[in-house]
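Text of input_10.cif (mmCIF, C-alpha atoms; chains and numbers go by the auth columns) as supplied:
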```cif
data_final
loop_
_atom_site.group_PDB
_atom_site.id
_atom_site.type_symbol
_atom_site.label_atom_id
_atom_site.label_comp_id
_atom_site.label_asym_id
_atom_site.label_seq_id
_atom_site.Cartn_x
_atom_site.Cartn_y
_atom_site.Cartn_z
_atom_site.B_iso_or_equiv
_atom_site.auth_seq_id
_atom_site.auth_asym_id
ATOM 1 C CA ILE A 1 93.301 127.199 82.002 0.00 297 A
ATOM 2 C CA HIS A 2 95.191 129.287 79.473 0.00 298 A
ATOM 3 C CA LEU A 3 94.446 132.452 81.498 0.00 299 A
ATOM 4 C CA ILE A 4 96.034 131.308 84.763 0.00 300 A
ATOM 5 C CA GLY A 5 98.215 128.404 83.626 0.00 301 A
ATOM 6 C CA ALA A 6 97.953 124.693 84.168 0.00 302 A
ATOM 7 C CA SER A 7 99.930 124.658 87.406 0.00 303 A
ATOM 8 C CA ARG A 8 97.762 127.271 89.098 0.00 304 A
ATOM 9 C CA ALA A 9 94.622 125.580 87.826 0.00 305 A
ATOM 10 C CA ALA A 10 95.810 122.340 89.418 0.00 306 A
ATOM 11 C CA ILE A 11 96.363 124.101 92.734 0.00 307 A
ATOM 12 C CA VAL A 12 92.884 125.595 92.573 0.00 308 A
ATOM 13 C CA GLY A 13 91.570 122.126 91.771 0.00 309 A
ATOM 14 C CA ALA A 14 93.209 120.837 94.939 0.00 310 A
ATOM 15 C CA THR A 15 90.621 122.731 96.965 0.00 311 A
ATOM 16 C CA ASN A 16 87.916 120.456 95.556 0.00 312 A
ATOM 17 C CA PRO A 17 87.708 118.173 98.656 0.00 313 A
ATOM 18 C CA ALA A 18 87.192 121.123 100.994 0.00 314 A
ATOM 19 C CA LEU A 19 84.610 122.717 98.717 0.00 315 A
ATOM 20 C CA THR A 20 82.756 119.407 98.463 0.00 316 A
ATOM 21 C CA VAL A 21 82.570 119.115 102.247 0.00 317 A
ATOM 22 C CA VAL A 22 81.341 122.694 102.650 0.00 318 A
ATOM 23 C CA LEU A 23 78.637 122.315 100.012 0.00 319 A
ATOM 24 C CA ALA A 24 77.563 118.925 101.365 0.00 320 A
ATOM 25 C CA GLY A 25 77.355 120.370 104.869 0.00 321 A
ATOM 26 C CA ILE A 26 75.133 123.167 103.596 0.00 322 A
ATOM 27 C CA ALA A 27 72.949 120.789 101.594 0.00 323 A
ATOM 28 C CA ILE A 28 72.316 118.175 104.280 0.00 324 A
ATOM 29 C CA GLN A 29 72.807 120.525 107.269 0.00 325 A
ATOM 30 C CA GLU A 30 74.912 118.093 109.263 0.00 326 A
ATOM 31 C CA SER A 31 77.817 119.218 111.391 0.00 327 A
ATOM 32 C CA LEU A 32 81.276 117.691 111.104 0.00 328 A
ATOM 33 C CA SER A 33 83.487 116.523 113.936 0.00 329 A
ATOM 34 C CA TYR A 34 86.905 118.067 114.437 0.00 330 A
ATOM 35 C CA THR A 35 88.536 114.866 113.210 0.00 331 A
ATOM 36 C CA GLN A 36 86.636 115.053 109.924 0.00 332 A
ATOM 37 C CA ILE A 37 87.527 118.722 109.468 0.00 333 A
ATOM 38 C CA LEU A 38 91.176 117.944 110.189 0.00 334 A
ATOM 39 C CA GLY A 39 91.087 115.132 107.616 0.00 335 A
ATOM 40 C CA VAL A 40 89.649 117.388 104.930 0.00 336 A
ATOM 41 C CA CYS A 41 92.266 120.045 105.645 0.00 337 A
ATOM 42 C CA LEU A 42 95.062 117.468 105.589 0.00 338 A
ATOM 43 C CA VAL A 43 93.974 116.009 102.249 0.00 339 A
ATOM 44 C CA THR A 44 93.476 119.441 100.667 0.00 340 A
ATOM 45 C CA PHE A 45 96.820 120.734 101.929 0.00 341 A
ATOM 46 C CA SER A 46 98.731 117.653 100.779 0.00 342 A
ATOM 47 C CA ILE A 47 97.234 117.742 97.286 0.00 343 A
ATOM 48 C CA ALA A 48 97.974 121.462 97.000 0.00 344 A
ATOM 49 C CA LEU A 49 101.534 120.848 98.186 0.00 345 A
ATOM 50 C CA LEU A 50 102.075 118.115 95.604 0.00 346 A
ATOM 51 C CA ASN A 51 100.745 120.331 92.827 0.00 347 A
ATOM 52 C CA TYR A 52 102.816 123.286 94.041 0.00 348 A
ATOM 53 C CA GLU A 53 105.951 121.147 94.018 0.00 349 A
ATOM 54 C CA LYS A 54 105.334 120.276 90.365 0.00 350 A
ATOM 55 C CA ALA A 55 104.480 123.872 89.436 0.00 351 A
ATOM 56 C CA VAL A 56 107.488 125.628 90.982 0.00 352 A
ATOM 57 C CA PRO A 57 110.895 124.331 89.954 0.00 353 A
ATOM 58 C CA SER A 58 113.410 124.121 92.786 0.00 354 A
ATOM 59 C CA ALA A 59 116.506 126.307 92.970 0.00 355 A
ATOM 60 C CA GLU A 60 118.781 123.275 92.497 0.00 356 A
ATOM 61 C CA LYS A 61 117.226 122.440 89.145 0.00 357 A
ATOM 62 C CA LYS A 62 117.748 126.020 87.949 0.00 358 A
ATOM 63 C CA GLN A 63 121.485 125.888 88.732 0.00 359 A
ATOM 64 C CA PHE A 64 122.100 122.953 86.390 0.00 360 A
ATOM 65 C CA LYS A 65 120.371 124.521 83.398 0.00 361 A
#
```
Please rewrite the model in this file as structure tokens.
Amino acid sequence: IHLIGASRAAIVGATNPALTVVLAGIAIQESLSYTQILGVCLVTFSIALLNYEKAVPSAEKKQFK
């Protein structure tokens, strides 16, 4: 974590649901429906967005400092 920073490590960790689905699909060789793929993408994107929001301070916060 000290090499890339905690915020970037959290964003990388947000890809965990998608990686789990890919590895599970390879292991059990079962295809996913489009709805399931969309759900995985939605969860991964929302977690990454939440972590990105915490990692990058907004311009408004910088003005008050």
Every residue with an atom at most 8 Å from (94.6, 126.4, 97.3) (file coordinates; all atoms listed in the file) is what I'm after, so could you write them as a list in words?
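Here the neighbourhood of the point contains Ile307, Val308, Gly309, Ala310, Thr311, Thr340, Phe341 and Ala344 of chain A.
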Original post:
In Å, how far is it from atom CA of A:Ile343 to atom CA of A:Ser329?
Top reply: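 Rounded to one decimal, the two atoms are 21.6 Å apart.
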Could you check how far atom CA of A:Val336 sits from atom CA of A:Ala306, in Å to one decimal?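 Going from atom CA of A:Val336 over to atom CA of A:Ala306 covers 17.4 Å.
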### Task
Determine the nearest neighbour of A:Leu338 from the options A:Ala314, A:Ile324, A:Ile300, A:Ala305, counting all atoms listed in the file.
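Checking each candidate against A:Leu338, we get A:Ala314 as the closest.
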What is the distance, in Å and to one decimal place, between atom CA of A:Tyr330 and atom CA of A:Arg304?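 Between these atoms lies a distance of 29.1 Å.
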In terms of the shortest atom-to-atom distance over only C-alpha atoms, which of A:Leu299, A:Ala320, A:Pro313, A:Ser327 is closest to A:Val339?
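Among the listed residues, the smallest separation from A:Val339 belongs to A:Pro313.
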Draw an axis-aligned box tight on the listed atoms of stretch 318-327 of chain A, then pad every side by 4 Å and write out centre and edge lengths in Å to one decimal as JSON.
```
{"center_x": 76.8, "center_y": 120.6, "center_z": 105.7, "size_x": 17.0, "size_y": 13.1, "size_z": 19.4}
```
Could I see stretch 316-327 of chain A restored to N, CA, C and O atoms, set down as an mmCIF file, in the frame of the given file?
```cif
data_model
loop_
_atom_site.group_PDB
_atom_site.id
_atom_site.type_symbol
_atom_site.label_atom_id
_atom_site.label_comp_id
_atom_site.auth_asym_id
_atom_site.auth_seq_id
_atom_site.Cartn_x
_atom_site.Cartn_y
_atom_site.Cartn_z
ATOM 1 N N THR A 316 83.771 120.453 98.432
ATOM 2 C CA THR A 316 82.756 119.407 98.463
ATOM 3 C C THR A 316 82.180 119.246 99.866
ATOM 4 O O THR A 316 80.964 119.126 100.039
ATOM 5 N N VAL A 317 83.035 119.255 100.861
ATOM 6 C CA VAL A 317 82.570 119.115 102.247
ATOM 7 C C VAL A 317 81.708 120.292 102.660
ATOM 8 O O VAL A 317 80.664 120.135 103.298
ATOM 9 N N VAL A 318 82.117 121.496 102.294
ATOM 10 C CA VAL A 318 81.341 122.694 102.650
ATOM 11 C C VAL A 318 79.969 122.650 101.991
ATOM 12 O O VAL A 318 78.939 122.877 102.645
ATOM 13 N N LEU A 319 79.920 122.351 100.710
ATOM 14 C CA LEU A 319 78.637 122.315 100.012
ATOM 15 C C LEU A 319 77.750 121.173 100.507
ATOM 16 O O LEU A 319 76.527 121.337 100.626
ATOM 17 N N ALA A 320 78.346 120.033 100.823
ATOM 18 C CA ALA A 320 77.563 118.925 101.365
ATOM 19 C C ALA A 320 77.019 119.272 102.745
ATOM 20 O O ALA A 320 75.882 118.932 103.082
ATOM 21 N N GLY A 321 77.815 119.946 103.550
ATOM 22 C CA GLY A 321 77.355 120.370 104.869
ATOM 23 C C GLY A 321 76.195 121.335 104.785
ATOM 24 O O GLY A 321 75.247 121.269 105.578
ATOM 25 N N ILE A 322 76.234 122.220 103.802
ATOM 26 C CA ILE A 322 75.133 123.167 103.596
ATOM 27 C C ILE A 322 73.893 122.429 103.096
ATOM 28 O O ILE A 322 72.778 122.689 103.546
ATOM 29 N N ALA A 323 74.088 121.484 102.197
ATOM 30 C CA ALA A 323 72.949 120.789 101.594
ATOM 31 C C ALA A 323 72.226 119.884 102.589
ATOM 32 O O ALA A 323 70.997 119.880 102.649
ATOM 33 N N ILE A 324 72.978 119.110 103.367
ATOM 34 C CA ILE A 324 72.316 118.175 104.280
ATOM 35 C C ILE A 324 72.250 118.695 105.716
ATOM 36 O O ILE A 324 71.668 118.045 106.576
ATOM 37 N N GLN A 325 72.845 119.840 105.972
ATOM 38 C CA GLN A 325 72.807 120.525 107.269
ATOM 39 C C GLN A 325 73.236 119.608 108.413
ATOM 40 O O GLN A 325 72.567 119.497 109.434
ATOM 41 N N GLU A 326 74.362 118.960 108.226
ATOM 42 C CA GLU A 326 74.912 118.093 109.263
ATOM 43 C C GLU A 326 76.277 118.639 109.659
ATOM 44 O O GLU A 326 77.067 119.032 108.803
ATOM 45 N N SER A 327 76.538 118.686 110.938
ATOM 46 C CA SER A 327 77.817 119.218 111.391
ATOM 47 C C SER A 327 78.902 118.149 111.308
ATOM 48 O O SER A 327 78.626 116.953 111.373
#
```
